[in-house]
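Here's the structure we're looking at; comments come further down.
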Amino acid sequence: MTTETWTLDATDGGQLAVRTDVAGKASKMGHRLTIAMTSWTASVEWSGDTPTAVTLTAEVSSLEVVHGEGGLTPLIGPEKIVVKANALKSFDADRFPSIRFRSAEITAVDAGFQLAGTAEIHGVSREITVDVNVTDLGDRWHIGSETTVRQSDYKITPYSQMFGAMKVVDDVTVTFDADYRKS
């Protein structure tokens with residue numbers, strides 16, 4: 001049986017991102033954000049046609065605010081800098097510089113694979129299940145995933161201001177998209 005390891009990262013055009021929403025009486029003032037992690041590496045170990053292990057590591061300090069929807073004003077350069085500073089503070093990036101995922105069990109499903117494993121965020125490790133869609137595009141494989149993560153499960157206090165009248169919703173959506181070129 002042949003073994004192979006796929007390595008994916010942001011330099012290949014892949015994206016690991018977090019989408020947020022806002023709540024509270026003043027939620028119309030806030031932006032629904034897309035925040036990309038610009039430094040990450042994923043590794044998929046294979047035995048024949050079966051993945052046997054998946055790991056992903058992202059550097060928290062690499063987060064960049066990509067897009068902001070809503071709000072009273074457009075999200076431009078100076079506001080993006082403030083949002084990034086607030087996010088790094090929420091993550092406590094100096095103490096917890098990396099986010100990690102490691103699979104413990106991989107199950108084939110119709111659209112791809114279901115990964116059961118451990119996510120370590122903000123120094124807290126929790127079991128999580130991630131559904132990964134895999135699409136054959138002829139010359140490459142497209143790998144995509146969308147998972148909901150509750151910040152408070154990892155002892156992260158969602159950002160808020162105006163005494164909670166505007167706050168980031170506790171549940172955020174983590175998305176992953178990457179292509180792996182076939183040999």
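Following the order of the structure tokens, first chain is A, next is B, and so on, with residues numbered from 1 inside each chain and ligands from 1 in the order they appear.
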Would you pick out the contacts of segment 104-118 of chain A at 8 Å or less, using only C-alpha atoms, so that residues sharing its chain but fewer than 2 positions from it are not included, and give the list as a PDB file with N, CA and C atoms, in the first residue's frame?
ATOM      1  N   PRO A  51      -7.474   8.626   3.720  1.00  0.00           N
ATOM      2  CA  PRO A  51      -6.717   9.526   4.596  1.00  0.00           C
ATOM      3  C   PRO A  51      -6.631   8.916   5.996  1.00  0.00           C
ATOM      4  N   THR A  52      -5.442   8.995   6.597  1.00  0.00           N
ATOM      5  CA  THR A  52      -5.248   8.396   7.914  1.00  0.00           C
ATOM      6  C   THR A  52      -5.040   9.436   9.011  1.00  0.00           C
ATOM      7  N   ALA A  53      -4.641  10.651   8.644  1.00  0.00           N
ATOM      8  CA  ALA A  53      -4.442  11.701   9.652  1.00  0.00           C
ATOM      9  C   ALA A  53      -4.510  13.066   8.972  1.00  0.00           C
ATOM     10  N   PHE A 101      -5.515  21.808  14.966  1.00  0.00           N
ATOM     11  CA  PHE A 101      -6.503  20.737  14.863  1.00  0.00           C
ATOM     12  C   PHE A 101      -5.747  19.465  14.523  1.00  0.00           C
ATOM     13  N   ARG A 102      -6.136  18.365  15.147  1.00  0.00           N
ATOM     14  CA  ARG A 102      -5.544  17.058  14.844  1.00  0.00           C
ATOM     15  C   ARG A 102      -6.669  16.038  14.835  1.00  0.00           C
ATOM     16  N   GLU A 120      -7.407  22.922  19.355  1.00  0.00           N
ATOM     17  CA  GLU A 120      -6.817  23.679  20.459  1.00  0.00           C
ATOM     18  C   GLU A 120      -6.814  25.149  20.064  1.00  0.00           C
ATOM     19  N   SER A 125      -8.359  22.759  24.710  1.00  0.00           N
ATOM     20  CA  SER A 125      -8.541  21.664  23.754  1.00  0.00           C
ATOM     21  C   SER A 125      -9.937  21.086  23.919  1.00  0.00           C
ATOM     22  N   ARG A 126     -10.619  20.926  22.782  1.00  0.00           N
ATOM     23  CA  ARG A 126     -11.974  20.367  22.794  1.00  0.00           C
ATOM     24  C   ARG A 126     -12.143  19.444  21.592  1.00  0.00           C
ATOM     25  N   GLU A 127     -12.988  18.438  21.791  1.00  0.00           N
ATOM     26  CA  GLU A 127     -13.326  17.539  20.686  1.00  0.00           C
ATOM     27  C   GLU A 127     -14.234  18.282  19.722  1.00  0.00           C
ATOM     28  N   ILE A 128     -14.027  18.048  18.430  1.00  0.00           N
ATOM     29  CA  ILE A 128     -14.819  18.718  17.396  1.00  0.00           C
ATOM     30  C   ILE A 128     -14.943  17.778  16.200  1.00  0.00           C
ATOM     31  N   THR A 129     -16.045  17.905  15.479  1.00  0.00           N
ATOM     32  CA  THR A 129     -16.250  17.141  14.248  1.00  0.00           C
ATOM     33  C   THR A 129     -16.341  18.125  13.094  1.00  0.00           C
ATOM     34  N   VAL A 130     -15.608  17.828  12.028  1.00  0.00           N
ATOM     35  CA  VAL A 130     -15.540  18.706  10.863  1.00  0.00           C
ATOM     36  C   VAL A 130     -15.893  17.899   9.620  1.00  0.00           C
ATOM     37  N   ASP A 131     -16.869  18.376   8.860  1.00  0.00           N
ATOM     38  CA  ASP A 131     -17.209  17.748   7.581  1.00  0.00           C
ATOM     39  C   ASP A 131     -16.399  18.412   6.486  1.00  0.00           C
ATOM     40  N   VAL A 132     -15.704  17.599   5.691  1.00  0.00           N
ATOM     41  CA  VAL A 132     -14.848  18.101   4.620  1.00  0.00           C
ATOM     42  C   VAL A 132     -15.381  17.574   3.293  1.00  0.00           C
ATOM     43  N   ASN A 133     -15.683  18.492   2.379  1.00  0.00           N
ATOM     44  CA  ASN A 133     -16.123  18.124   1.035  1.00  0.00           C
ATOM     45  C   ASN A 133     -14.907  18.040   0.126  1.00  0.00           C
ATOM     46  N   VAL A 134     -14.853  16.991  -0.671  1.00  0.00           N
ATOM     47  CA  VAL A 134     -13.751  16.803  -1.608  1.00  0.00           C
ATOM     48  C   VAL A 134     -14.359  16.639  -2.999  1.00  0.00           C
ATOM     49  N   THR A 135     -13.899  17.485  -3.932  1.00  0.00           N
ATOM     50  CA  THR A 135     -14.426  17.477  -5.298  1.00  0.00           C
ATOM     51  C   THR A 135     -13.294  17.253  -6.282  1.00  0.00           C
TER      52      THR A 135
END
Compile the contact shell of Thr5 of chain A as a CSV table (one decimal) with C-alpha atoms, in the first residue's frame: residues with an atom at most 9 Å away, counting only C-alpha atoms, same-chain residues fewer than 2 positions apart removed.
chain,number,residue,atom,x,y,z
A,3,THR,CA,1.6,6.2,1.5
A,7,THR,CA,0.7,19.6,2.4
A,43,SER,CA,-1.2,18.1,6.3
A,44,VAL,CA,-3.1,15.1,5.1
A,45,GLU,CA,-1.5,11.6,5.4
A,46,TRP,CA,-2.8,8.9,3.1
A,47,SER,CA,-2.6,5.2,3.0
Could you jot down the atom CA of Val168 of chain A to atom CA of Arg100 of chain A separation for me, Å, one decimal place?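 Distance reported for this atom pair: 22.6 Å.
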Skipping near chain neighbours, those fewer than 6 positions away, what residues fall within 7 Å of segment 82-92 of chain A using only C-alpha atoms, listed as a ChimeraX atom specification? /A:61,64-65,122,156-157,159
Which residues, written as a PDB file with C-alpha atoms, in the first residue's frame, have at least one atom at most 10 Å from Trp141 of chain A, with only C-alpha atoms counted and residues fewer than 6 positions away on the same chain left out?
ATOM      1  CA  VAL A 134     -13.751  16.803  -1.608  1.00  0.00           C
ATOM      2  CA  THR A 135     -14.426  17.477  -5.298  1.00  0.00           C
ATOM      3  CA  ALA A 178      -7.906  24.741  -0.850  1.00  0.00           C
ATOM      4  CA  ASP A 179      -6.893  22.923  -4.008  1.00  0.00           C
ATOM      5  CA  TYR A 180      -4.390  20.091  -4.235  1.00  0.00           C
ATOM      6  CA  ARG A 181      -2.886  19.518  -7.677  1.00  0.00           C
ATOM      7  CA  LYS A 182      -2.779  15.909  -8.821  1.00  0.00           C
TER       8      LYS A 182
END
Distance criterion (only C-alpha atoms): nearest to Thr20 of chain A out of A:Pro78, A:Ser103, A:His67, A:Trp6: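 Going through A:Pro78, A:Ser103, A:His67, A:Trp6 one by one, the smallest distance to Thr20 of chain A is for A:His67.
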Chain A: residues DSSP assigns to strand (DSSP E), reported as a count of residues only: 109
Per-residue DSSP, segment 73-151 of chain A, filtered to alpha helix (DSSP H), as JSON, numbers by chain: {"A": [77, 78, 79, 80, 81, 82, 83, 84, 85, 86, 87, 88, 89, 90, 91]}
Would you export the selected residues with C-alpha atoms as a PDB file, in the first residue's frame, please?
ATOM      1  CA  GLY A  77      -7.947  50.751   6.517  1.00  0.00           C
ATOM      2  CA  PRO A  78      -7.917  52.429   9.955  1.00  0.00           C
ATOM      3  CA  GLU A  79     -11.002  50.527  11.146  1.00  0.00           C
ATOM      4  CA  LYS A  80      -9.494  47.236   9.928  1.00  0.00           C
ATOM      5  CA  ILE A  81      -6.411  47.947  12.045  1.00  0.00           C
ATOM      6  CA  VAL A  82      -8.604  48.494  15.124  1.00  0.00           C
ATOM      7  CA  VAL A  83     -10.605  45.329  14.407  1.00  0.00           C
ATOM      8  CA  LYS A  84      -7.391  43.310  14.043  1.00  0.00           C
ATOM      9  CA  ALA A  85      -6.040  44.676  17.336  1.00  0.00           C
ATOM     10  CA  ASN A  86      -9.310  43.779  19.090  1.00  0.00           C
ATOM     11  CA  ALA A  87      -9.276  40.265  17.592  1.00  0.00           C
ATOM     12  CA  LEU A  88      -5.652  39.658  18.631  1.00  0.00           C
ATOM     13  CA  LYS A  89      -6.566  40.821  22.142  1.00  0.00           C
ATOM     14  CA  SER A  90      -9.604  38.480  22.249  1.00  0.00           C
ATOM     15  CA  PHE A  91      -7.407  35.557  21.140  1.00  0.00           C
TER      16      PHE A  91
END
So how many Å separate atom CA of Lys155 of chain A and atom CA of Thr38 of chain A, to one decimal? 23.2 Å
One decimal, in Å: what's the spacing between atom CA of Val60 of chain A and atom CA of Phe96 of chain A?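 It comes out at 7.9 Å.
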Go through A:Ser62, A:Gln15, A:Ser152, A:Thr173 and flag the residue nearest Leu33 of chain A, using only C-alpha atoms for the distances. A:Thr173
Would you list the contacts of Gly68 of chain A as a list of chain:residue names, taking every protein, DNA or RNA residue within 9 Å and counting only C-alpha atoms, but skipping same-chain residues closer than 4 positions in sequence?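 So, after excluding close chain neighbours, the residues are A:Gly30, A:His31, A:Arg32, A:Leu33, A:Thr34, A:Ile35, A:Pro74, A:Leu75, A:Ile76, A:Lys80.
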Determine the nearest neighbour of Ser183 of chain A from the options A:Glu4, A:Ala36, A:Gly24, A:Gly123, counting only C-alpha atoms.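 So, comparing all the options, the nearest one is A:Glu4.
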